[in-house]
Protein chains: 2
Amino acid sequence: MKELKQRSTCPISTSLDVLGDKWTLLILRDMVFAGKSTYGQFLQSAEKMATNILADRLAGLEAQGILSKAVAADKKSKFTYRLTEKGVDIVPILVELILWGAKHCPTIIDPSLLAELQTGKGAAIEKYQRLAREQALA
Amino acid sequence: MKELKQRSTCPISTSLDVLGDKWTLLILRDMVFAGKSTYGQFLQSAEKMATNILADRLAGLEAQGILSKAVAADKKSKFTYRLTEKGVDIVPILVELILWGAKHCPTIIDPSLLAELQTGKGAAIEKYQRLAREQALA
DNA sequence: TATATTTACTTGCTTTTTGCAAGTACAAAG
DNA sequence: CTTTGTACTTGCAAAAAGCAAGTAAATATA
């Protein structure tokens, strides 16, 4: 169990102590928007994260209670990672990052997802939170 | 002018390429919620950022068009940094980070700010965006 | 049953980034 | 014309990230 170093008591600062690096939120993105749940699936993302970094971040997210690890139903050599409620609450942050990036940076995004987020942000957030919870049950 | 390395075309990934480190969003927090605008003021935050990191991040934010630098009205040896519209659009991300941190981590937050964000998030976001724009005019 | 594959990491090493302390430059004040 | 304030820059050590190869246990295959 690795402890978290908090630089201050500010909530933004503390959130960044947990989530503020270049990889952590990409793992959560893959879980929420791509339905990924295993180590091997996370490694296959377009951004090509190194295996040791992935292992480190997954351990950190588990230590923070943002995701939970369990042996897969089908194979004993396989683990599935799922969001906890603390993790589900990160969805709004991901959505705001999508909207800002899509508006201000050269990116490629599924037009239907963008439209969904722009026309009914609250409903879309609830939808992806619900999907994440359902995966956590499956 | 330093160029941005994008790891992929994903909007979340790209947003993180710009904002996803432990210091950048703290500078923006200080501008939005503490009304700070100068190098010296940014150095005085509770998190004690190193001077070279601050200079590097300010240059990066300016290069990305998130903030603009101008000679101060009173002193020629002083610069003021202000948010552009691209920067003002980051306020919702900051607000979600505050809400998540305040809910799930041990932090200290002004109760009236928290209540404001919880009861009327949209209105609060617009208020702080407006304040940031007004500072940009002053 | 023996071998190969899948899945999930770990290890060692190099490169990059961060963090710290001291130094520089220039305008303004005394 | 020297001191102070403001904004950096530089050099070096420490930490983190990135890369390639190796390990280990469970499954599938021959």
# chains A, B, ... in the order shown; residues from 1 in each chain; ligands from 1

call {"tool": "interface_residues", "arguments": {"of": "chain D", "to": "chain B", "cutoff": "9 Å", "atoms": "only C-alpha atoms (C1' of nucleotides)", "output": "list in words"}}
result
DG5, DT6, DA7, DC8 and DT9 of chain D

call {"tool": "calpha_fit_and_write", "arguments": {"fixed": "chain A", "moving": "chain B", "output": "compact mmCIF listing (two decimals) with N, CA and C atoms, in the first residue's frame"}}
result
# COMPACT_ATOMS: atom_id res chain seq x y z
N MET B 1 0.86 -1.27 -0.14
CA MET B 1 0.00 -0.05 -0.12
C MET B 1 0.86 1.19 -0.09
N LYS B 2 0.78 1.96 -1.15
CA LYS B 2 1.60 3.16 -1.11
C LYS B 2 0.80 4.40 -0.77
N GLU B 3 1.39 5.19 0.08
CA GLU B 3 0.67 6.35 0.61
C GLU B 3 0.76 7.53 -0.35
N LEU B 4 -0.22 8.41 -0.25
CA LEU B 4 -0.26 9.58 -1.11
C LEU B 4 0.37 10.78 -0.42
N LYS B 5 1.25 11.46 -1.15
CA LYS B 5 1.83 12.70 -0.62
C LYS B 5 0.97 13.87 -1.04
N GLN B 6 0.39 14.55 -0.09
CA GLN B 6 -0.42 15.74 -0.38
C GLN B 6 0.44 16.98 -0.21
N ARG B 7 0.45 17.80 -1.24
CA ARG B 7 1.26 19.02 -1.18
C ARG B 7 0.60 20.10 -0.35
N SER B 8 -0.72 20.05 -0.26
CA SER B 8 -1.45 21.04 0.53
C SER B 8 -2.82 20.45 0.85
N THR B 9 -3.67 21.23 1.49
CA THR B 9 -5.02 20.77 1.82
C THR B 9 -6.05 21.26 0.80
N CYS B 10 -5.58 21.92 -0.24
CA CYS B 10 -6.48 22.41 -1.29
C CYS B 10 -7.06 21.25 -2.09
N PRO B 11 -8.37 21.25 -2.34
CA PRO B 11 -8.98 20.12 -3.07
C PRO B 11 -8.45 19.97 -4.50
N ILE B 12 -8.19 21.08 -5.19
CA ILE B 12 -7.64 20.95 -6.54
C ILE B 12 -6.26 20.32 -6.46
N SER B 13 -5.43 20.83 -5.58
CA SER B 13 -4.08 20.29 -5.41
C SER B 13 -4.12 18.80 -5.07
N THR B 14 -5.01 18.43 -4.17
CA THR B 14 -5.11 17.03 -3.75
C THR B 14 -5.62 16.15 -4.89
N SER B 15 -6.61 16.63 -5.61
CA SER B 15 -7.08 15.87 -6.78
C SER B 15 -5.93 15.64 -7.75
N LEU B 16 -5.12 16.67 -7.95
CA LEU B 16 -3.99 16.53 -8.86
C LEU B 16 -2.92 15.61 -8.30
N ASP B 17 -2.77 15.58 -6.97
CA ASP B 17 -1.82 14.63 -6.37
C ASP B 17 -2.21 13.20 -6.74
N VAL B 18 -3.51 12.96 -6.88
CA VAL B 18 -4.01 11.62 -7.19
C VAL B 18 -4.08 11.38 -8.71
N LEU B 19 -4.63 12.35 -9.44
CA LEU B 19 -4.96 12.14 -10.85
C LEU B 19 -4.07 12.90 -11.83
N GLY B 20 -3.25 13.82 -11.29
CA GLY B 20 -2.57 14.77 -12.16
C GLY B 20 -1.27 14.31 -12.78
N ASP B 21 -1.31 13.28 -13.53
CA ASP B 21 -0.13 12.89 -14.32
C ASP B 21 -0.63 12.54 -15.71
N LYS B 22 0.26 12.15 -16.58
CA LYS B 22 -0.15 11.98 -17.97
C LYS B 22 -0.82 10.63 -18.28
N TRP B 23 -0.90 9.73 -17.31
CA TRP B 23 -1.41 8.40 -17.62
C TRP B 23 -2.66 7.98 -16.85
N THR B 24 -2.73 8.36 -15.60
CA THR B 24 -3.83 7.90 -14.75
C THR B 24 -5.21 8.11 -15.36
N LEU B 25 -5.48 9.31 -15.85
CA LEU B 25 -6.82 9.58 -16.38
C LEU B 25 -7.06 8.86 -17.71
N LEU B 26 -5.96 8.48 -18.39
CA LEU B 26 -6.16 7.72 -19.64
C LEU B 26 -6.63 6.30 -19.32
N ILE B 27 -6.16 5.73 -18.22
CA ILE B 27 -6.65 4.42 -17.80
C ILE B 27 -8.14 4.50 -17.50
N LEU B 28 -8.52 5.56 -16.79
CA LEU B 28 -9.93 5.72 -16.45
C LEU B 28 -10.77 5.99 -17.71
N ARG B 29 -10.23 6.75 -18.64
CA ARG B 29 -10.91 6.96 -19.92
C ARG B 29 -11.18 5.62 -20.59
N ASP B 30 -10.17 4.75 -20.63
CA ASP B 30 -10.34 3.45 -21.28
C ASP B 30 -11.41 2.61 -20.60
N MET B 31 -11.52 2.75 -19.29
CA MET B 31 -12.54 2.01 -18.58
C MET B 31 -13.93 2.55 -18.88
N VAL B 32 -14.05 3.89 -18.85
CA VAL B 32 -15.38 4.52 -18.98
C VAL B 32 -15.87 4.54 -20.43
N PHE B 33 -14.99 4.94 -21.35
CA PHE B 33 -15.47 5.16 -22.72
C PHE B 33 -15.11 4.02 -23.68
N ALA B 34 -14.24 3.11 -23.26
CA ALA B 34 -13.91 1.99 -24.15
C ALA B 34 -14.22 0.64 -23.51
N GLY B 35 -14.74 0.67 -22.29
CA GLY B 35 -15.15 -0.57 -21.64
C GLY B 35 -14.02 -1.54 -21.33
N LYS B 36 -12.80 -1.02 -21.26
CA LYS B 36 -11.65 -1.89 -20.97
C LYS B 36 -11.59 -2.25 -19.49
N SER B 37 -11.02 -3.43 -19.21
CA SER B 37 -10.95 -3.83 -17.80
C SER B 37 -9.71 -4.66 -17.45
N THR B 38 -8.87 -4.99 -18.43
CA THR B 38 -7.71 -5.82 -18.10
C THR B 38 -6.39 -5.13 -18.49
N TYR B 39 -5.35 -5.57 -17.81
CA TYR B 39 -3.98 -5.08 -18.05
C TYR B 39 -3.64 -5.08 -19.53
N GLY B 40 -3.89 -6.20 -20.17
CA GLY B 40 -3.57 -6.31 -21.59
C GLY B 40 -4.34 -5.31 -22.45
N GLN B 41 -5.59 -5.07 -22.11
CA GLN B 41 -6.39 -4.11 -22.87
C GLN B 41 -5.85 -2.69 -22.69
N PHE B 42 -5.46 -2.36 -21.48
CA PHE B 42 -4.92 -1.01 -21.24
C PHE B 42 -3.63 -0.77 -22.04
N LEU B 43 -2.85 -1.80 -22.19
CA LEU B 43 -1.59 -1.67 -22.94
C LEU B 43 -1.80 -1.39 -24.42
N GLN B 44 -2.98 -1.74 -24.91
CA GLN B 44 -3.23 -1.60 -26.35
C GLN B 44 -3.70 -0.23 -26.81
N SER B 45 -3.76 0.74 -25.90
CA SER B 45 -4.24 2.07 -26.29
C SER B 45 -3.28 2.76 -27.25
N ALA B 46 -3.82 3.74 -27.96
CA ALA B 46 -3.06 4.48 -28.97
C ALA B 46 -1.84 5.16 -28.37
N GLU B 47 -1.87 5.48 -27.08
CA GLU B 47 -0.77 6.24 -26.48
C GLU B 47 0.41 5.38 -26.04
N LYS B 48 0.27 4.05 -26.11
CA LYS B 48 1.38 3.12 -25.85
C LYS B 48 2.07 3.37 -24.51
N MET B 49 1.36 3.16 -23.47
CA MET B 49 1.93 3.31 -22.13
C MET B 49 2.88 2.15 -21.81
N ALA B 50 3.99 2.43 -21.13
CA ALA B 50 4.96 1.40 -20.75
C ALA B 50 4.35 0.47 -19.69
N THR B 51 4.78 -0.79 -19.72
CA THR B 51 4.16 -1.77 -18.81
C THR B 51 4.41 -1.46 -17.35
N ASN B 52 5.61 -0.98 -17.04
CA ASN B 52 5.89 -0.69 -15.62
C ASN B 52 5.09 0.50 -15.12
N ILE B 53 4.88 1.48 -16.00
CA ILE B 53 4.06 2.64 -15.62
C ILE B 53 2.62 2.20 -15.38
N LEU B 54 2.13 1.36 -16.29
CA LEU B 54 0.76 0.87 -16.13
C LEU B 54 0.59 0.14 -14.80
N ALA B 55 1.51 -0.76 -14.50
CA ALA B 55 1.43 -1.52 -13.24
C ALA B 55 1.45 -0.57 -12.05
N ASP B 56 2.32 0.43 -12.12
CA ASP B 56 2.44 1.39 -11.02
C ASP B 56 1.15 2.19 -10.84
N ARG B 57 0.56 2.66 -11.96
CA ARG B 57 -0.65 3.46 -11.87
C ARG B 57 -1.84 2.64 -11.41
N LEU B 58 -1.94 1.41 -11.88
CA LEU B 58 -3.04 0.55 -11.45
C LEU B 58 -2.94 0.31 -9.94
N ALA B 59 -1.72 0.08 -9.45
CA ALA B 59 -1.53 -0.14 -8.01
C ALA B 59 -1.93 1.12 -7.24
N GLY B 60 -1.56 2.28 -7.77
CA GLY B 60 -1.89 3.54 -7.11
C GLY B 60 -3.40 3.77 -7.08
N LEU B 61 -4.05 3.52 -8.19
CA LEU B 61 -5.51 3.72 -8.26
C LEU B 61 -6.23 2.76 -7.33
N GLU B 62 -5.70 1.55 -7.22
CA GLU B 62 -6.32 0.60 -6.30
C GLU B 62 -6.09 1.05 -4.85
N ALA B 63 -4.86 1.51 -4.57
CA ALA B 63 -4.55 1.98 -3.22
C ALA B 63 -5.43 3.16 -2.83
N GLN B 64 -5.79 3.98 -3.81
CA GLN B 64 -6.64 5.15 -3.53
C GLN B 64 -8.12 4.80 -3.53
N GLY B 65 -8.44 3.54 -3.78
CA GLY B 65 -9.84 3.14 -3.76
C GLY B 65 -10.63 3.64 -4.95
N ILE B 66 -9.94 3.92 -6.05
CA ILE B 66 -10.62 4.40 -7.25
C ILE B 66 -11.04 3.24 -8.13
N LEU B 67 -10.27 2.17 -8.08
CA LEU B 67 -10.69 0.97 -8.76
C LEU B 67 -10.38 -0.26 -7.93
N SER B 68 -11.05 -1.36 -8.26
CA SER B 68 -10.85 -2.60 -7.52
C SER B 68 -10.42 -3.68 -8.49
N LYS B 69 -9.65 -4.59 -7.96
CA LYS B 69 -9.07 -5.66 -8.78
C LYS B 69 -9.67 -7.00 -8.36
N ALA B 70 -10.02 -7.82 -9.33
CA ALA B 70 -10.59 -9.12 -9.00
C ALA B 70 -10.18 -10.14 -10.04
N VAL B 71 -10.10 -11.39 -9.64
CA VAL B 71 -9.79 -12.46 -10.58
C VAL B 71 -10.95 -12.57 -11.57
N ALA B 72 -10.62 -12.74 -12.85
CA ALA B 72 -11.65 -12.79 -13.88
C ALA B 72 -12.50 -14.05 -13.74
N ALA B 73 -13.71 -13.95 -14.24
CA ALA B 73 -14.65 -15.07 -14.14
C ALA B 73 -14.15 -16.26 -14.93
N ASP B 74 -13.56 -16.02 -16.12
CA ASP B 74 -13.18 -17.11 -17.00
C ASP B 74 -11.81 -17.72 -16.67
N LYS B 75 -10.83 -16.87 -16.42
CA LYS B 75 -9.47 -17.38 -16.18
C LYS B 75 -8.92 -16.93 -14.84
N LYS B 76 -8.23 -17.82 -14.17
CA LYS B 76 -7.64 -17.46 -12.88
C LYS B 76 -6.38 -16.62 -13.05
N SER B 77 -5.79 -16.67 -14.26
CA SER B 77 -4.57 -15.91 -14.49
C SER B 77 -4.87 -14.50 -14.98
N LYS B 78 -6.16 -14.15 -15.01
CA LYS B 78 -6.58 -12.88 -15.54
C LYS B 78 -7.27 -12.07 -14.45
N PHE B 79 -6.97 -10.75 -14.45
CA PHE B 79 -7.63 -9.89 -13.47
C PHE B 79 -8.52 -8.90 -14.19
N THR B 80 -9.58 -8.49 -13.55
CA THR B 80 -10.41 -7.41 -14.10
C THR B 80 -10.40 -6.25 -13.12
N TYR B 81 -10.22 -5.08 -13.68
CA TYR B 81 -10.23 -3.85 -12.89
C TYR B 81 -11.56 -3.15 -13.13
N ARG B 82 -12.18 -2.66 -12.07
CA ARG B 82 -13.45 -1.97 -12.20
C ARG B 82 -13.47 -0.71 -11.33
N LEU B 83 -14.28 0.25 -11.75
CA LEU B 83 -14.38 1.50 -11.00
C LEU B 83 -15.21 1.32 -9.72
N THR B 84 -14.75 1.94 -8.66
CA THR B 84 -15.56 2.06 -7.44
C THR B 84 -16.43 3.31 -7.61
N GLU B 85 -17.25 3.62 -6.62
CA GLU B 85 -18.05 4.85 -6.69
C GLU B 85 -17.14 6.08 -6.73
N LYS B 86 -16.03 6.00 -6.00
CA LYS B 86 -15.05 7.10 -6.04
C LYS B 86 -14.52 7.28 -7.46
N GLY B 87 -14.37 6.17 -8.16
CA GLY B 87 -13.92 6.23 -9.54
C GLY B 87 -15.00 6.73 -10.48
N VAL B 88 -16.22 6.28 -10.25
CA VAL B 88 -17.35 6.73 -11.08
C VAL B 88 -17.50 8.24 -11.00
N ASP B 89 -17.19 8.80 -9.84
CA ASP B 89 -17.30 10.26 -9.65
C ASP B 89 -16.27 11.04 -10.45
N ILE B 90 -15.33 10.35 -11.08
CA ILE B 90 -14.33 11.04 -11.90
C ILE B 90 -14.85 11.31 -13.32
N VAL B 91 -15.93 10.64 -13.68
CA VAL B 91 -16.49 10.81 -15.04
C VAL B 91 -16.70 12.29 -15.42
N PRO B 92 -17.26 13.12 -14.53
CA PRO B 92 -17.43 14.54 -14.93
C PRO B 92 -16.11 15.22 -15.28
N ILE B 93 -15.04 14.86 -14.60
CA ILE B 93 -13.73 15.45 -14.93
C ILE B 93 -13.32 15.02 -16.34
N LEU B 94 -13.50 13.76 -16.65
CA LEU B 94 -13.17 13.25 -17.98
C LEU B 94 -13.99 13.98 -19.05
N VAL B 95 -15.26 14.17 -18.77
CA VAL B 95 -16.13 14.84 -19.75
C VAL B 95 -15.66 16.27 -20.00
N GLU B 96 -15.30 16.99 -18.96
CA GLU B 96 -14.82 18.36 -19.16
C GLU B 96 -13.50 18.37 -19.94
N LEU B 97 -12.67 17.38 -19.70
CA LEU B 97 -11.42 17.29 -20.48
C LEU B 97 -11.71 17.02 -21.95
N ILE B 98 -12.69 16.18 -22.23
CA ILE B 98 -13.08 15.91 -23.62
C ILE B 98 -13.56 17.21 -24.28
N LEU B 99 -14.46 17.91 -23.60
CA LEU B 99 -15.06 19.11 -24.19
C LEU B 99 -14.00 20.19 -24.45
N TRP B 100 -13.09 20.36 -23.50
CA TRP B 100 -12.06 21.39 -23.68
C TRP B 100 -11.11 20.99 -24.81
N GLY B 101 -10.68 19.75 -24.80
CA GLY B 101 -9.76 19.30 -25.85
C GLY B 101 -10.39 19.36 -27.23
N ALA B 102 -11.67 18.94 -27.31
CA ALA B 102 -12.35 18.93 -28.61
C ALA B 102 -12.54 20.36 -29.13
N LYS B 103 -12.74 21.30 -28.22
CA LYS B 103 -12.99 22.69 -28.63
C LYS B 103 -11.70 23.42 -29.00
N HIS B 104 -10.64 23.17 -28.24
CA HIS B 104 -9.47 24.04 -28.37
C HIS B 104 -8.22 23.39 -28.95
N CYS B 105 -8.23 22.09 -29.14
CA CYS B 105 -7.03 21.43 -29.63
C CYS B 105 -7.36 20.61 -30.88
N PRO B 106 -6.35 20.31 -31.70
CA PRO B 106 -6.59 19.48 -32.87
C PRO B 106 -6.73 18.02 -32.46
N THR B 107 -7.96 17.55 -32.40
CA THR B 107 -8.22 16.18 -31.96
C THR B 107 -9.26 15.54 -32.89
N ILE B 108 -9.43 14.25 -32.71
CA ILE B 108 -10.46 13.54 -33.46
C ILE B 108 -11.39 12.88 -32.45
N ILE B 109 -12.66 13.18 -32.59
CA ILE B 109 -13.64 12.63 -31.65
C ILE B 109 -14.88 12.17 -32.41
N ASP B 110 -15.45 11.06 -31.94
CA ASP B 110 -16.70 10.55 -32.50
C ASP B 110 -17.75 11.66 -32.44
N PRO B 111 -18.26 12.10 -33.60
CA PRO B 111 -19.21 13.22 -33.62
C PRO B 111 -20.45 12.98 -32.78
N SER B 112 -20.91 11.73 -32.72
CA SER B 112 -22.13 11.48 -31.95
C SER B 112 -21.86 11.63 -30.45
N LEU B 113 -20.66 11.25 -30.02
CA LEU B 113 -20.31 11.44 -28.60
C LEU B 113 -20.23 12.93 -28.29
N LEU B 114 -19.57 13.67 -29.16
CA LEU B 114 -19.44 15.11 -28.94
C LEU B 114 -20.81 15.78 -28.88
N ALA B 115 -21.68 15.42 -29.84
CA ALA B 115 -23.03 16.00 -29.84
C ALA B 115 -23.77 15.64 -28.56
N GLU B 116 -23.64 14.40 -28.14
CA GLU B 116 -24.28 13.94 -26.90
C GLU B 116 -23.83 14.78 -25.71
N LEU B 117 -22.52 15.04 -25.64
CA LEU B 117 -21.98 15.80 -24.51
C LEU B 117 -22.38 17.27 -24.58
N GLN B 118 -22.45 17.79 -25.79
CA GLN B 118 -22.76 19.21 -25.94
C GLN B 118 -24.22 19.53 -25.71
N THR B 119 -25.09 18.63 -26.14
CA THR B 119 -26.52 18.93 -26.03
C THR B 119 -27.09 18.55 -24.66
N GLY B 120 -26.57 17.50 -24.06
CA GLY B 120 -27.09 17.12 -22.75
C GLY B 120 -25.99 16.57 -21.86
N LYS B 121 -25.16 17.45 -21.40
CA LYS B 121 -23.97 17.03 -20.63
C LYS B 121 -24.34 16.22 -19.40
N GLY B 122 -25.28 16.75 -18.62
CA GLY B 122 -25.66 16.05 -17.38
C GLY B 122 -26.17 14.64 -17.65
N ALA B 123 -27.00 14.51 -18.65
CA ALA B 123 -27.56 13.20 -18.97
C ALA B 123 -26.48 12.25 -19.46
N ALA B 124 -25.56 12.79 -20.27
CA ALA B 124 -24.48 11.95 -20.79
C ALA B 124 -23.58 11.47 -19.66
N ILE B 125 -23.27 12.35 -18.73
CA ILE B 125 -22.45 11.96 -17.58
C ILE B 125 -23.12 10.83 -16.83
N GLU B 126 -24.42 11.00 -16.57
CA GLU B 126 -25.14 9.96 -15.83
C GLU B 126 -25.13 8.63 -16.61
N LYS B 127 -25.26 8.72 -17.92
CA LYS B 127 -25.26 7.50 -18.74
C LYS B 127 -23.93 6.74 -18.60
N TYR B 128 -22.83 7.44 -18.74
CA TYR B 128 -21.54 6.75 -18.66
C TYR B 128 -21.23 6.28 -17.24
N GLN B 129 -21.74 7.01 -16.27
CA GLN B 129 -21.57 6.55 -14.89
C GLN B 129 -22.36 5.26 -14.67
N ARG B 130 -23.55 5.23 -15.23
CA ARG B 130 -24.39 4.03 -15.11
C ARG B 130 -23.73 2.83 -15.80
N LEU B 131 -23.21 3.08 -17.01
CA LEU B 131 -22.52 2.00 -17.73
C LEU B 131 -21.33 1.47 -16.92
N ALA B 132 -20.59 2.37 -16.31
CA ALA B 132 -19.43 1.94 -15.51
C ALA B 132 -19.88 1.11 -14.31
N ARG B 133 -20.98 1.50 -13.70
CA ARG B 133 -21.50 0.72 -12.57
C ARG B 133 -21.97 -0.66 -13.02
N GLU B 134 -22.61 -0.70 -14.18
CA GLU B 134 -23.10 -1.99 -14.69
C GLU B 134 -21.93 -2.93 -14.98
N GLN B 135 -20.89 -2.39 -15.56
CA GLN B 135 -19.69 -3.22 -15.80
C GLN B 135 -19.13 -3.74 -14.48
N ALA B 136 -19.24 -2.92 -13.46
CA ALA B 136 -18.71 -3.32 -12.17
C ALA B 136 -19.48 -4.49 -11.58
N LEU B 137 -20.71 -4.68 -12.03
CA LEU B 137 -21.51 -5.81 -11.55
C LEU B 137 -21.24 -7.06 -12.38
N ALA B 138 -21.03 -6.87 -13.66
CA ALA B 138 -20.88 -8.01 -14.57
C ALA B 138 -19.75 -8.97 -14.22

call {"tool": "interface_residues", "arguments": {"of": "chain C", "to": "chain A", "cutoff": "10 Å", "atoms": "only C-alpha atoms (C1' of nucleotides)", "output": "MDAnalysis selection string"}}
result
chainID C and resid 6:11

call {"tool": "write_last_selection", "arguments": {"atoms": "all heavy atoms", "output": "CSV table (one decimal), in the first residue's frame"}}
result
chain,number,residue,atom,x,y,z
C,6,DT,P,-0.8,-16.4,-28.0
C,6,DT,OP1,-1.8,-16.3,-29.1
C,6,DT,OP2,0.5,-15.6,-28.0
C,6,DT,O5',-1.6,-16.0,-26.6
C,6,DT,C5',-2.6,-16.8,-26.1
C,6,DT,C4',-2.8,-16.5,-24.6
C,6,DT,O4',-1.8,-17.0,-23.8
C,6,DT,C3',-2.9,-15.0,-24.4
C,6,DT,O3',-4.2,-14.8,-23.7
C,6,DT,C2',-1.7,-14.7,-23.5
C,6,DT,C1',-1.5,-16.0,-22.8
C,6,DT,N1,-0.1,-16.3,-22.3
C,6,DT,C2,0.0,-16.7,-21.0
C,6,DT,O2,-0.9,-16.8,-20.2
C,6,DT,N3,1.3,-16.9,-20.6
C,6,DT,C4,2.5,-16.8,-21.4
C,6,DT,O4,3.6,-17.1,-20.9
C,6,DT,C5,2.2,-16.4,-22.7
C,6,DT,C7,3.4,-16.2,-23.7
C,6,DT,C6,1.0,-16.1,-23.1
C,7,DT,P,-4.7,-13.3,-23.5
C,7,DT,OP1,-6.2,-13.5,-23.4
C,7,DT,OP2,-4.1,-12.4,-24.4
C,7,DT,O5',-4.2,-12.9,-22.0
C,7,DT,C5',-4.7,-13.6,-20.9
C,7,DT,C4',-3.9,-13.1,-19.7
C,7,DT,O4',-2.5,-13.7,-19.8
C,7,DT,C3',-3.7,-11.6,-19.6
C,7,DT,O3',-4.4,-11.2,-18.4
C,7,DT,C2',-2.2,-11.4,-19.4
C,7,DT,C1',-1.7,-12.8,-19.1
C,7,DT,N1,-0.3,-13.0,-19.6
C,7,DT,C2,0.6,-13.6,-18.7
C,7,DT,O2,0.3,-13.9,-17.6
C,7,DT,N3,1.9,-13.8,-19.3
C,7,DT,C4,2.3,-13.5,-20.6
C,7,DT,O4,3.4,-13.7,-20.9
C,7,DT,C5,1.3,-12.9,-21.4
C,7,DT,C7,1.6,-12.5,-22.8
C,7,DT,C6,0.0,-12.7,-20.9
C,8,DA,P,-4.4,-9.6,-18.0
C,8,DA,OP1,-5.6,-9.4,-17.2
C,8,DA,OP2,-4.1,-8.7,-19.1
C,8,DA,O5',-3.1,-9.6,-17.0
C,8,DA,C5',-3.1,-10.5,-15.9
C,8,DA,C4',-1.8,-10.4,-15.1
C,8,DA,O4',-0.8,-10.9,-16.0
C,8,DA,C3',-1.4,-8.9,-14.8
C,8,DA,O3',-1.0,-8.9,-13.4
C,8,DA,C2',-0.3,-8.6,-15.7
C,8,DA,C1',0.3,-10.0,-15.8
C,8,DA,N9,1.3,-10.2,-16.9
C,8,DA,C8,1.1,-9.8,-18.2
C,8,DA,N7,2.1,-10.0,-19.0
C,8,DA,C5,3.0,-10.6,-18.2
C,8,DA,C6,4.3,-11.2,-18.4
C,8,DA,N6,4.9,-11.1,-19.6
C,8,DA,N1,4.9,-11.7,-17.3
C,8,DA,C2,4.3,-11.8,-16.1
C,8,DA,N3,3.1,-11.3,-15.8
C,8,DA,C4,2.5,-10.7,-16.9
C,9,DC,P,-1.2,-7.5,-12.6
C,9,DC,OP1,-0.8,-7.7,-11.2
C,9,DC,OP2,-2.5,-6.9,-12.9
C,9,DC,O5',-0.1,-6.6,-13.4
C,9,DC,C5',1.1,-6.2,-12.8
C,9,DC,C4',2.2,-7.3,-12.7
C,9,DC,O4',2.4,-7.8,-14.1
C,9,DC,C3',3.5,-6.8,-12.3
C,9,DC,O3',3.7,-7.2,-10.9
C,9,DC,C2',4.5,-7.4,-13.2
C,9,DC,C1',3.7,-8.2,-14.2
C,9,DC,N1,4.2,-8.0,-15.6
C,9,DC,C2,5.4,-8.6,-16.0
C,9,DC,O2,6.0,-9.3,-15.2
C,9,DC,N3,5.8,-8.4,-17.3
C,9,DC,C4,5.1,-7.7,-18.1
C,9,DC,N4,5.5,-7.5,-19.3
C,9,DC,C5,3.8,-7.1,-17.7
C,9,DC,C6,3.4,-7.3,-16.5
C,10,DT,P,4.7,-6.3,-10.1
C,10,DT,OP1,4.5,-6.7,-8.7
C,10,DT,OP2,4.6,-4.9,-10.5
C,10,DT,O5',6.2,-6.8,-10.6
C,10,DT,C5',6.6,-8.1,-10.5
C,10,DT,C4',8.0,-8.3,-10.8
C,10,DT,O4',8.2,-8.1,-12.3
C,10,DT,C3',9.0,-7.2,-10.2
C,10,DT,O3',10.1,-7.9,-9.7
C,10,DT,C2',9.3,-6.3,-11.4
C,10,DT,C1',9.2,-7.2,-12.6
C,10,DT,N1,8.8,-6.5,-13.9
C,10,DT,C2,9.6,-6.7,-15.0
C,10,DT,O2,10.7,-7.3,-15.0
C,10,DT,N3,9.1,-6.1,-16.1
C,10,DT,C4,7.9,-5.4,-16.2
C,10,DT,O4,7.6,-5.0,-17.3
C,10,DT,C5,7.1,-5.3,-15.0
C,10,DT,C7,5.8,-4.6,-15.1
C,10,DT,C6,7.6,-5.9,-13.9
C,11,DT,P,11.2,-7.2,-8.8
C,11,DT,OP1,11.6,-8.1,-7.8
C,11,DT,OP2,10.7,-5.8,-8.5
C,11,DT,O5',12.4,-7.0,-9.8
C,11,DT,C5',12.7,-8.0,-10.8
C,11,DT,C4',13.8,-7.5,-11.7
C,11,DT,O4',13.3,-7.0,-13.0
C,11,DT,C3',14.8,-6.5,-11.2
C,11,DT,O3',16.1,-6.9,-11.4
C,11,DT,C2',14.4,-5.2,-12.0
C,11,DT,C1',13.9,-5.8,-13.3
C,11,DT,N1,12.9,-5.0,-14.0
C,11,DT,C2,13.1,-4.8,-15.4
C,11,DT,O2,13.9,-5.3,-16.0
C,11,DT,N3,12.1,-4.1,-16.0
C,11,DT,C4,11.0,-3.4,-15.3
C,11,DT,O4,10.2,-2.8,-16.0
C,11,DT,C5,11.0,-3.6,-13.9
C,11,DT,C7,9.9,-3.0,-13.1
C,11,DT,C6,11.9,-4.4,-13.3

call {"tool": "atom_distance", "arguments": {"atom1": "C1' of DA22 (chain C)", "atom2": "C1' of DA17 (chain D)"}}
result
27.8 Å

call {"tool": "atom_distance", "arguments": {"atom1": "C1' of DG22 (chain D)", "atom2": "C1' of DA2 (chain C)"}}
result
22.4 Å

call {"tool": "select_by_dssp", "arguments": {"residues": "chain B", "states": "helix (DSSP H, G or I)", "output": "JSON, numbers by chain"}}
result
{"B": [11, 12, 13, 14, 15, 16, 17, 18, 19, 24, 25, 26, 27, 28, 29, 30, 31, 32, 33, 34, 39, 40, 41, 42, 43, 51, 52, 53, 54, 55, 56, 57, 58, 59, 60, 61, 62, 63, 85, 86, 87, 88, 91, 92, 93, 94, 95, 96, 97, 98, 99, 100, 101, 102, 103, 104, 111, 112, 113, 114, 115, 116, 117, 118, 119, 121, 122, 123, 124, 125, 126, 127, 128, 129, 130, 131, 132, 133, 134, 135, 136, 137]}
